[in-house]
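One file, structure16.cif, is given below (mmCIF, C-alpha atoms and all ligand atoms).
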```
data_work
loop_
_atom_site.label_atom_id
_atom_site.label_comp_id
_atom_site.auth_asym_id
_atom_site.auth_seq_id
_atom_site.Cartn_x
_atom_site.Cartn_y
_atom_site.Cartn_z
CA MET T 85 -138.89 53.21 -69.34
CA GLN T 86 -140.53 54.95 -72.27
CA ILE T 87 -144.25 54.73 -72.99
CA ARG T 88 -145.26 53.93 -76.55
CA PHE T 89 -148.49 53.76 -78.47
CA THR T 90 -148.18 49.96 -78.52
CA ASP T 91 -148.33 49.99 -74.69
CA ILE T 92 -151.77 51.59 -74.97
CA LEU T 93 -152.90 48.91 -77.44
CA ALA T 94 -151.61 46.23 -75.06
CA ALA T 95 -153.49 47.86 -72.17
CA ARG T 96 -156.69 47.79 -74.19
CA ALA T 97 -156.34 44.05 -74.78
CA ARG T 98 -155.69 43.53 -71.05
CA LEU T 99 -158.69 45.64 -70.02
CA ALA T 100 -161.20 43.95 -72.31
CA GLY T 101 -164.08 42.76 -70.14
CA THR T 102 -163.07 44.71 -67.01
CA ALA T 103 -162.98 48.50 -67.32
CA LEU T 104 -165.78 49.39 -69.73
CA GLY T 105 -165.49 50.86 -73.17
CA THR T 106 -167.67 53.92 -72.54
CA PRO T 107 -170.03 55.85 -74.85
CA MET T 108 -169.23 59.08 -76.72
CA VAL T 109 -172.40 61.17 -76.76
CA PRO T 110 -173.06 64.40 -78.68
CA SER T 111 -174.04 67.52 -76.74
CA THR T 112 -176.81 69.24 -78.68
CA ALA T 113 -176.78 72.11 -76.17
CA LEU T 114 -173.07 72.86 -76.57
CA GLN T 115 -173.19 72.43 -80.34
CA ALA T 116 -176.02 74.96 -80.54
CA ARG T 117 -174.11 77.39 -78.35
CA LEU T 118 -170.65 77.01 -79.90
CA GLY T 119 -171.38 76.27 -83.54
CA HIS T 120 -169.25 73.09 -83.65
CA PRO T 121 -170.08 69.51 -82.69
CA VAL T 122 -169.11 68.76 -79.08
CA TRP T 123 -168.93 65.21 -77.74
CA HIS T 124 -168.69 63.94 -74.21
CA LYS T 125 -166.77 60.77 -73.37
CA LEU T 126 -168.74 59.21 -70.53
CA GLU T 127 -166.03 57.83 -68.26
CA LEU T 128 -168.39 58.50 -65.38
CA CYS T 129 -170.14 55.27 -66.45
CA GLN T 130 -167.26 53.12 -65.19
CA PRO T 131 -168.28 50.74 -62.36
CA THR T 132 -166.21 52.78 -59.86
CA GLY T 133 -167.70 56.05 -61.18
CA ALA T 134 -164.44 57.29 -62.71
CA PHE T 135 -161.93 56.52 -65.47
CA LYS T 136 -159.15 55.62 -63.04
CA LEU T 137 -160.25 51.98 -63.17
CA ARG T 138 -158.46 51.69 -66.50
CA GLY T 139 -155.01 52.53 -65.20
CA ALA T 140 -155.46 50.66 -61.92
CA MET T 141 -156.70 47.49 -63.64
CA ASN T 142 -153.87 47.63 -66.14
CA ALA T 143 -151.22 48.08 -63.43
CA ILE T 144 -152.62 45.49 -61.03
CA SER T 145 -153.09 42.88 -63.76
CA ARG T 146 -149.34 43.13 -64.41
CA LEU T 147 -148.30 42.28 -60.82
CA GLY T 148 -146.65 38.91 -60.32
CA PRO T 149 -148.39 35.98 -58.59
CA ASP T 150 -146.37 36.60 -55.40
CA ALA T 151 -147.88 40.07 -54.80
CA GLN T 152 -148.70 40.59 -51.09
CA GLY T 153 -151.17 43.37 -51.63
CA VAL T 154 -151.30 46.91 -52.98
CA THR T 155 -151.25 50.43 -51.64
CA CYS T 156 -151.71 53.91 -53.07
CA ALA T 157 -152.15 57.57 -52.24
CA SER T 158 -155.24 59.09 -53.75
CA THR T 159 -157.60 62.05 -53.91
CA GLY T 160 -160.37 59.41 -53.90
CA ASN T 161 -161.08 58.04 -57.36
CA HIS T 162 -157.76 56.27 -57.81
CA GLY T 163 -158.15 54.68 -54.37
CA ARG T 164 -161.58 53.39 -55.33
CA ALA T 165 -160.21 51.98 -58.57
CA VAL T 166 -157.32 50.28 -56.78
CA ALA T 167 -159.72 48.87 -54.18
CA TRP T 168 -161.96 47.50 -56.97
CA ALA T 169 -159.11 46.01 -58.98
CA ALA T 170 -157.45 44.51 -55.88
CA LYS T 171 -160.73 42.92 -54.82
CA ALA T 172 -161.13 41.40 -58.28
CA ARG T 173 -157.71 39.76 -57.82
CA GLY T 174 -158.26 38.84 -54.17
CA LEU T 175 -155.46 41.16 -52.98
CA ARG T 176 -155.27 43.27 -49.83
CA ALA T 177 -155.54 47.01 -50.58
CA VAL T 178 -154.51 49.90 -48.30
CA VAL T 179 -155.56 53.34 -49.55
CA CYS T 180 -153.86 56.42 -48.05
CA LEU T 181 -155.83 59.66 -48.14
CA SER T 182 -155.50 63.20 -46.83
CA SER T 183 -158.23 64.86 -44.81
CA LEU T 184 -159.19 66.92 -47.94
CA VAL T 185 -160.80 63.88 -49.58
CA PRO T 186 -164.62 64.24 -49.48
CA ARG T 187 -166.59 61.75 -47.40
CA ALA T 188 -168.53 60.34 -50.36
CA LYS T 189 -165.24 59.20 -51.88
CA VAL T 190 -163.96 57.69 -48.63
CA GLU T 191 -167.19 55.69 -48.23
CA GLY T 192 -166.95 54.40 -51.79
CA ILE T 193 -163.47 53.02 -51.09
CA ARG T 194 -164.46 51.50 -47.75
CA ALA T 195 -167.45 49.75 -49.34
CA LEU T 196 -165.06 47.79 -51.56
CA GLY T 197 -163.30 46.34 -48.54
CA ALA T 198 -160.06 48.34 -48.70
CA GLU T 199 -158.27 49.53 -45.56
CA ILE T 200 -158.19 53.32 -45.32
CA ARG T 201 -155.49 55.47 -43.71
CA THR T 202 -156.26 59.19 -43.41
CA ILE T 203 -153.04 61.12 -42.89
CA GLY T 204 -152.39 64.87 -42.87
CA ARG T 205 -153.77 67.50 -45.19
CA SER T 206 -152.06 66.80 -48.50
CA GLN T 207 -151.27 64.11 -51.03
CA ASP T 208 -147.63 64.36 -49.95
CA ASP T 209 -148.60 63.41 -46.38
CA ALA T 210 -150.57 60.42 -47.67
CA GLN T 211 -147.63 59.43 -49.88
CA ALA T 212 -145.32 59.25 -46.86
CA GLU T 213 -147.55 56.51 -45.42
CA VAL T 214 -147.49 54.67 -48.78
CA ASP T 215 -143.68 54.73 -48.72
CA ARG T 216 -143.76 53.26 -45.24
CA LEU T 217 -146.20 50.47 -46.23
CA VAL T 218 -144.03 49.54 -49.20
CA ALA T 219 -140.85 49.45 -47.09
CA GLU T 220 -142.24 47.77 -43.97
CA GLU T 221 -145.12 45.59 -45.16
CA GLY T 222 -144.01 44.68 -48.68
CA LEU T 223 -147.08 46.06 -50.43
CA ALA T 224 -146.81 47.02 -54.11
CA GLU T 225 -147.40 50.71 -54.81
CA ILE T 226 -149.93 51.54 -57.53
CA PRO T 227 -149.20 55.24 -58.21
CA PRO T 228 -152.12 57.48 -59.21
CA PHE T 229 -150.56 58.87 -62.40
CA ASP T 230 -146.78 58.66 -62.72
CA HIS T 231 -146.37 55.10 -63.94
CA PRO T 232 -146.21 53.63 -67.47
CA ASP T 233 -148.99 51.09 -66.81
CA ILE T 234 -151.28 53.78 -65.41
CA ILE T 235 -150.63 56.16 -68.31
CA ALA T 236 -151.14 53.38 -70.86
CA GLY T 237 -154.40 52.35 -69.18
CA GLN T 238 -155.76 55.92 -69.25
CA GLY T 239 -154.56 56.23 -72.85
CA THR T 240 -157.15 53.66 -73.94
CA ILE T 241 -159.70 56.48 -73.53
CA GLY T 242 -157.97 58.41 -76.31
CA LEU T 243 -158.09 55.39 -78.61
CA GLU T 244 -161.82 54.99 -78.09
CA MET T 245 -162.50 58.69 -78.63
CA LEU T 246 -160.70 58.90 -81.97
CA GLU T 247 -162.18 55.61 -83.15
CA ALA T 248 -165.69 56.85 -82.35
CA VAL T 249 -165.20 60.31 -83.89
CA PRO T 250 -162.13 60.38 -86.17
CA ASP T 251 -162.49 64.05 -87.19
CA LEU T 252 -162.10 65.56 -83.70
CA THR T 253 -159.86 68.64 -83.78
CA THR T 254 -159.76 69.50 -80.05
CA LEU T 255 -159.73 67.39 -76.88
CA LEU T 256 -160.43 68.97 -73.50
CA VAL T 257 -158.83 66.86 -70.79
CA PRO T 258 -159.11 67.38 -67.02
CA LEU T 259 -155.55 67.74 -65.69
CA SER T 260 -154.09 66.93 -62.30
CA GLY T 261 -151.06 64.64 -62.11
CA GLY T 262 -151.29 64.26 -65.86
CA GLY T 263 -151.59 60.49 -66.25
CA LEU T 264 -154.87 60.91 -68.08
CA ALA T 265 -153.69 63.80 -70.26
CA ALA T 266 -150.39 62.06 -71.08
CA GLY T 267 -152.04 58.80 -72.13
CA VAL T 268 -154.89 60.41 -74.03
CA ALA T 269 -152.57 62.83 -75.83
CA LEU T 270 -150.18 60.03 -76.83
CA ALA T 271 -153.04 57.93 -78.23
CA ALA T 272 -154.82 60.85 -79.91
CA LYS T 273 -151.72 62.39 -81.48
CA THR T 274 -150.63 59.03 -82.84
CA LEU T 275 -154.00 58.57 -84.56
CA ALA T 276 -154.51 62.26 -85.47
CA PRO T 277 -151.19 64.15 -85.40
CA ASP T 278 -152.80 67.60 -85.84
CA ILE T 279 -155.29 67.28 -83.00
CA ARG T 280 -155.10 69.88 -80.22
CA VAL T 281 -155.03 68.50 -76.67
CA ILE T 282 -155.80 71.01 -73.93
CA GLY T 283 -155.34 70.30 -70.23
CA ILE T 284 -157.77 71.93 -67.82
CA SER T 285 -157.27 72.58 -64.10
CA MET T 286 -158.61 74.85 -61.36
CA ASP T 287 -156.85 78.19 -60.94
CA ARG T 288 -155.45 77.55 -57.43
CA GLY T 289 -153.10 74.69 -56.67
CA ALA T 290 -152.76 73.51 -60.30
CA ALA T 291 -149.57 71.51 -59.89
CA MET T 292 -148.95 70.49 -63.50
CA ASP T 293 -149.57 74.00 -64.82
CA GLU T 294 -147.11 75.52 -62.35
CA SER T 295 -144.57 72.80 -63.07
CA LEU T 296 -144.84 73.28 -66.85
CA ARG T 297 -144.29 77.02 -66.38
CA ALA T 298 -141.27 76.39 -64.15
CA GLY T 299 -139.86 73.77 -66.52
CA HIS T 300 -139.62 71.18 -63.72
CA PRO T 301 -141.90 69.67 -61.06
CA VAL T 302 -142.71 72.21 -58.34
CA PRO T 303 -144.67 71.72 -55.11
CA VAL T 304 -147.99 73.54 -54.75
CA GLU T 305 -150.12 74.36 -51.79
CA GLU T 306 -153.19 72.15 -51.89
CA VAL T 307 -156.39 74.21 -51.82
CA ALA T 308 -159.97 72.99 -51.46
CA SER T 309 -161.84 73.16 -54.80
CA LEU T 310 -165.07 72.01 -56.40
CA ALA T 311 -162.66 70.03 -58.59
CA ASP T 312 -161.31 68.11 -55.60
CA SER T 313 -160.05 65.24 -57.76
CA LEU T 314 -157.67 67.64 -59.53
CA GLY T 315 -155.75 68.57 -56.35
CA GLY T 316 -152.33 67.39 -55.24
CA GLY T 317 -148.76 67.71 -56.48
CA ILE T 318 -147.09 65.88 -59.38
CA GLY T 319 -144.22 64.54 -57.25
CA ALA T 320 -140.73 66.03 -57.02
CA THR T 321 -139.29 62.92 -58.66
CA ASN T 322 -141.87 62.75 -61.47
CA ARG T 323 -140.52 60.46 -64.19
CA HIS T 324 -143.20 60.15 -66.86
CA SER T 325 -146.33 62.30 -66.76
CA PHE T 326 -144.54 65.66 -66.54
CA ALA T 327 -142.36 65.08 -69.61
CA LEU T 328 -145.28 63.69 -71.62
CA CYS T 329 -147.53 66.62 -70.71
CA ARG T 330 -144.70 69.05 -71.55
CA ASP T 331 -144.19 67.43 -74.95
CA LEU T 332 -147.79 66.63 -75.91
CA LEU T 333 -150.14 69.23 -74.40
CA ASP T 334 -150.81 72.24 -76.60
CA GLU T 335 -152.11 74.42 -73.81
CA VAL T 336 -153.33 74.44 -70.22
CA VAL T 337 -156.47 76.38 -69.27
CA LEU T 338 -157.27 77.36 -65.67
CA LEU T 339 -160.76 77.87 -64.28
CA THR T 340 -162.30 79.76 -61.38
CA GLU T 341 -164.59 77.99 -58.93
CA ASP T 342 -167.57 79.89 -60.41
CA GLU T 343 -166.74 78.56 -63.85
CA ILE T 344 -166.50 74.98 -62.54
CA TYR T 345 -169.85 75.49 -60.78
CA ARG T 346 -171.42 76.38 -64.18
CA GLY T 347 -169.84 73.33 -65.75
CA ILE T 348 -171.48 71.05 -63.19
CA GLN T 349 -174.80 72.80 -63.81
CA SER T 350 -174.50 72.35 -67.58
CA ALA T 351 -173.70 68.65 -67.23
CA PHE T 352 -176.85 68.25 -65.18
CA HIS T 353 -179.30 70.54 -66.97
CA ASP T 354 -178.07 70.19 -70.56
CA GLU T 355 -176.94 66.54 -70.52
CA ARG T 356 -178.89 65.19 -67.51
CA LEU T 357 -175.62 63.87 -66.07
CA VAL T 358 -174.08 64.06 -62.61
CA ALA T 359 -170.46 65.10 -63.14
CA GLU T 360 -168.13 65.84 -60.23
CA GLY T 361 -166.25 69.14 -60.38
CA GLY T 362 -163.06 67.65 -61.79
CA ALA T 363 -165.07 66.05 -64.57
CA ALA T 364 -167.02 69.15 -65.57
CA VAL T 365 -163.98 71.33 -66.32
CA GLY T 366 -164.05 70.63 -70.07
CA ILE T 367 -167.63 71.87 -70.31
CA ALA T 368 -166.74 74.74 -67.99
CA ALA T 369 -163.82 75.86 -70.17
CA LEU T 370 -166.06 75.91 -73.25
CA LEU T 371 -168.86 77.81 -71.48
CA ALA T 372 -166.35 80.32 -70.09
CA GLY T 373 -165.11 81.03 -73.62
CA LYS T 374 -161.58 80.00 -72.65
CA VAL T 375 -161.16 77.58 -75.58
CA ALA T 376 -162.03 78.65 -79.13
CA LEU T 377 -163.10 75.78 -81.38
CA ASP T 378 -162.24 75.28 -85.03
CA GLY T 379 -164.07 71.96 -85.52
CA PRO T 380 -165.51 68.99 -83.65
CA ALA T 381 -164.37 68.84 -80.02
CA ALA T 382 -164.68 66.39 -77.15
CA THR T 383 -164.51 66.59 -73.39
CA ILE T 384 -163.91 63.69 -71.01
CA LEU T 385 -166.50 63.51 -68.24
CA THR T 386 -164.04 61.77 -65.98
CA GLY T 387 -166.11 60.94 -62.90
CA ARG T 388 -169.40 61.20 -61.01
CA ASN T 389 -168.26 60.56 -57.43
CA ALA T 390 -169.50 63.88 -56.16
CA ASP T 391 -170.89 64.75 -52.78
CA MET T 392 -174.61 64.54 -53.54
CA ASP T 393 -175.64 67.31 -51.13
CA GLN T 394 -173.20 69.63 -52.88
CA ILE T 395 -174.44 68.57 -56.34
CA ALA T 396 -178.06 69.10 -55.28
CA ARG T 397 -177.27 72.64 -54.15
CA ILE T 398 -175.37 73.46 -57.33
CA VAL T 399 -178.02 72.21 -59.74
CA ALA T 400 -180.58 74.22 -57.76
CA GLY T 401 -178.40 77.33 -58.09
CA GLN T 402 -177.71 77.63 -54.35
CA SER T 403 -174.49 78.79 -52.72
CA VAL T 404 -171.91 76.18 -51.70
CA THR T 405 -168.96 76.28 -49.34
CA VAL T 406 -165.61 74.97 -50.54
CA GLY T 407 -162.92 75.04 -47.86
CA ASP T 408 -162.97 78.61 -46.54
CA ARG T 409 -164.66 80.04 -49.63
CA SER T 410 -168.31 80.53 -50.43
CA ILE T 411 -169.45 80.32 -54.05
CA ASP T 412 -172.68 82.28 -54.54
CA GLY T 413 -173.72 80.48 -57.71
CA GLY T 414 -177.16 81.19 -59.12
CA PRO T 415 -179.66 79.41 -61.38
CA TYR T 416 -178.37 77.85 -64.58
CA GLU T 417 -178.92 80.04 -67.61
CA PRO T 418 -178.81 77.93 -70.78
C1 LIG V 501 -157.74 61.75 -61.25
C2 LIG V 501 -158.81 62.50 -61.92
C3 LIG V 501 -158.52 63.43 -62.93
C4 LIG V 501 -157.11 63.80 -63.34
O1 LIG V 501 -156.31 62.73 -63.74
P1 LIG V 501 -154.71 62.85 -63.70
O2 LIG V 501 -154.22 61.64 -64.38
O3 LIG V 501 -154.30 62.91 -62.26
O4 LIG V 501 -154.35 64.12 -64.39
C5 LIG V 501 -159.60 64.04 -63.57
N1 LIG V 501 -160.87 63.80 -63.21
C6 LIG V 501 -161.19 62.92 -62.23
C7 LIG V 501 -162.62 62.70 -61.90
C8 LIG V 501 -160.18 62.24 -61.56
O5 LIG V 501 -160.50 61.38 -60.60
#
```

Please lay out the structure from this file as structure tokens.
Amino acid sequence: MQIRFTDILAARARLAGTALGTPMVPSTALQARLGHPVWHKLELCQPTGAFKLRGAMNAISRLGPDAQGVTCASTGNHGRAVAWAAKARGLRAVVCLSSLVPRAKVEGIRALGAEIRTIGRSQDDAQAEVDRLVAEEGLAEIPPFDHPDIIAGQGTIGLEMLEAVPDLTTLLVPLSGGGLAAGVALAAKTLAPDIRVIGISMDRGAAMDESLRAGHPVPVEEVASLADSLGGGIGATNRHSFALCRDLLDEVVLLTEDEIYRGIQSAFHDERLVAEGGAAVGIAALLAGKVALDGPAATILTGRNADMDQIARIVAGQSVTVGDRSIDGGPYEP
């Protein structure tokens, strides 16, 4: 099944009144530093704290009336979105997570009444449990990125961005499984064919980047990162998001943990926003000088479901531990 621009328009009509249309706000700090207008799309304002509500709501609203319940594998934010959307429809939700998912995200899912299964140390381990639940308990799988309804739901963000600021020349999109990047790029390039869409990931365990280089989906070793929501593979049998990212992304930029740390600091000190690591990568790429601008640009601040102790240390310039690594950090220098 192919995904078309009209699927994104249909998703927008379906989402009206559920997932929010979010603000686009200008960053005076980044404009002063970079010499071009920079906008932030505030997806962290969604009721679940991340954009994934769009795709999950779109997919779950398309289930038939005989649905028994839903299940998914998630790095946290998708699980919370599925839990929220399932609750709104009165459906059972079972969210399968690996042990790498931070506690703050697990608690957010539990608070919405979803059942949680923590299995293994990777998204692939969690996916094995999803496969079992689908086969043995008849639950409907709501995949985190590789599904037309998910991609169309996330694509509504691209529509809103170009409608708010039609002269954008560059979009900086956090990239993991690529559902967000695929949908946003399809919407944006339909409305503005010359726009540049750049995917941004962390420099270790960036599954889409490695797959694009290889020319086919490849497995990666999952590594702890400040951008925890960007971890996980793209699936060996990827059917949609890989091909769309291959065809529509102009470039992929990779960031060190220190660069992501600065991005989180800038979101807080320059914009007064709490952005989780995976959300701050657009800012981080600009601050690191890894994307040169030729006109107005926009990032997507995709989520705010960060561990608050970690955020407090980062905004104060203190060192943080991520997996087996220590990031020294330091005070933010505007
Ligand atoms: C899931 C997620 C992403 C990446 O989305 P994909 O569709 O998997 O590429 C980026 N930021 C946050 C906060 C997320 O939760």

Distance criterion (only C-alpha atoms and all ligand atoms): nearest to ligand LIG 501 (chain V) out of T:Leu243, T:Leu128, T:Ala236, T:Leu93: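 Among the listed residues, the smallest separation from ligand LIG 501 (chain V) belongs to T:Leu128.
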
Show me a table, sorted first by chain and then by increasing residue number, of the residues of chain T having an atom at most 6 Å from ligand LIG 501 (chain V), each with its shortest atom pair and the distance in Å to one decimal, counting only C-alpha atoms and all ligand atoms and written as a tab-separated table.
```
residue	atom	partner	partner_atom	distance
T:Ala134	CA	V:LIG501	C7	5.8
T:Asn161	CA	V:LIG501	O5	4.7
T:Phe229	CA	V:LIG501	O2	5.0
T:Pro258	CA	V:LIG501	C5	4.8
T:Leu259	CA	V:LIG501	O4	4.0
T:Ser260	CA	V:LIG501	O4	3.5
T:Gly261	CA	V:LIG501	O3	3.7
T:Gly262	CA	V:LIG501	O4	3.4
T:Gly263	CA	V:LIG501	O2	3.4
T:Leu264	CA	V:LIG501	O2	3.8
T:Ala265	CA	V:LIG501	O4	5.9
T:Ser313	CA	V:LIG501	O5	4.8
T:Leu314	CA	V:LIG501	C4	5.4
T:Gly362	CA	V:LIG501	N1	4.7
T:Ala363	CA	V:LIG501	C7	4.9
T:Thr386	CA	V:LIG501	C7	4.4
T:Gly387	CA	V:LIG501	C7	4.0
```

Val166 (chain T) surroundings by all atoms listed in the file, 10 Å radius, close-in-sequence under 5 positions cut, as a PyMOL selection string: chain T and resi 132+136-141+143-144+154-156+158+161+171-172+177-179+193+196+198+226-228

Per residue of region 110-207 of chain T within 7 Å of region 389-400 of chain T, note the shortest atom pair and the distance in Å to one decimal, counting only C-alpha atoms, and order the rows by chain and increasing residue number, as JSON lines.
```
{"residue": "T:Gly133", "atom": "CA", "partner": "T:Asn389", "partner_atom": "CA", "distance": 5.9}
{"residue": "T:Ala188", "atom": "CA", "partner": "T:Asp391", "partner_atom": "CA", "distance": 5.6}
{"residue": "T:Lys189", "atom": "CA", "partner": "T:Asn389", "partner_atom": "CA", "distance": 6.5}
```

Residue nearest Ser183 (chain T) - candidates T:Val307, T:Ala224, T:Leu333, T:Val281, atoms counted: all atoms listed in the file: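 Among T:Val307, T:Ala224, T:Leu333, T:Val281, it is T:Val307 that comes nearest to Ser183 (chain T).
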
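One finds CA of Gln152 (chain T) at 14.1 Å from CA of Ala169 (chain T).
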
Residues within 10 Å of Asp342 (chain T), all atoms listed in the file, excluding chain neighbours under 3 positions, as a CSV table (one decimal) with C-alpha atoms, keeping the file's coordinate frame:
```
chain,number,residue,atom,x,y,z
T,310,LEU,CA,-165.1,72.0,-56.4
T,339,LEU,CA,-160.8,77.9,-64.3
T,345,TYR,CA,-169.8,75.5,-60.8
T,346,ARG,CA,-171.4,76.4,-64.2
T,347,GLY,CA,-169.8,73.3,-65.8
T,368,ALA,CA,-166.7,74.7,-68.0
T,372,ALA,CA,-166.4,80.3,-70.1
T,411,ILE,CA,-169.4,80.3,-54.0
T,412,ASP,CA,-172.7,82.3,-54.5
T,413,GLY,CA,-173.7,80.5,-57.7
T,414,GLY,CA,-177.2,81.2,-59.1
```

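You can rank T:Val109, T:Ile384, T:Ala94, T:Ile203 by their closest distance to Gly237 (chain T) using only C-alpha atoms, and at the top of that list sits T:Ala94.
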
Contact residues around Val257 (chain T) with only C-alpha atoms at 7 Å, ignoring same-chain residues under 6 positions, as a ChimeraX atom specification: /T:265,282-284,366,383-384

Close residues, Ile92 (chain T) itself excluded, 9 Å, only C-alpha atoms, min 3 positions apart in chain, as a count of residues only: 17

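Of note, CA of His324 (chain T) and CA of His231 (chain T) are spaced 6.6 Å apart.
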
Selection near Val406 (chain T), 7 Å with all atoms listed in the file, sequence-local residues under 3 positions removed, as a VMD selection string: chain T and resid 308 to 310 409 to 410

Please produce an output containing C-alpha atoms for each residue in the selection, written as a PDB file, in the coordinates of the input.
```pdb
ATOM      1  CA  ALA T 308    -159.970  72.990 -51.460  1.00  0.00           C
ATOM      2  CA  SER T 309    -161.840  73.160 -54.800  1.00  0.00           C
ATOM      3  CA  LEU T 310    -165.070  72.010 -56.400  1.00  0.00           C
ATOM      4  CA  ARG T 409    -164.660  80.040 -49.630  1.00  0.00           C
ATOM      5  CA  SER T 410    -168.310  80.530 -50.430  1.00  0.00           C
TER       6      SER T 410
END
```

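Here CA of Ala291 (chain T) stands at a distance of 6.2 Å from CA of Ile318 (chain T).
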
Given only C-alpha atoms as the counted atoms, nearest of T:Arg164, T:Arg356, T:Arg288, T:Arg323 to Leu338 (chain T): T:Arg288

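Distance annotation: of T:Leu357, T:Ala266, T:Ala157, T:Val218, the residue with the minimal separation from Arg201 (chain T) is T:Ala157; atom set is all atoms listed in the file.
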
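If only C-alpha atoms are the atoms counted, then among T:Pro415, T:Gly163, T:Gly105, T:Gly119 the closest residue to Leu377 (chain T) is T:Gly119.
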
Spatial sel., origin (-151.9, 71.1, -48.1), limit 12 Å, only C-alpha atoms, listed as a ChimeraX atom specification: /T:182-185,203-210,288-289,303-308,315-317,407
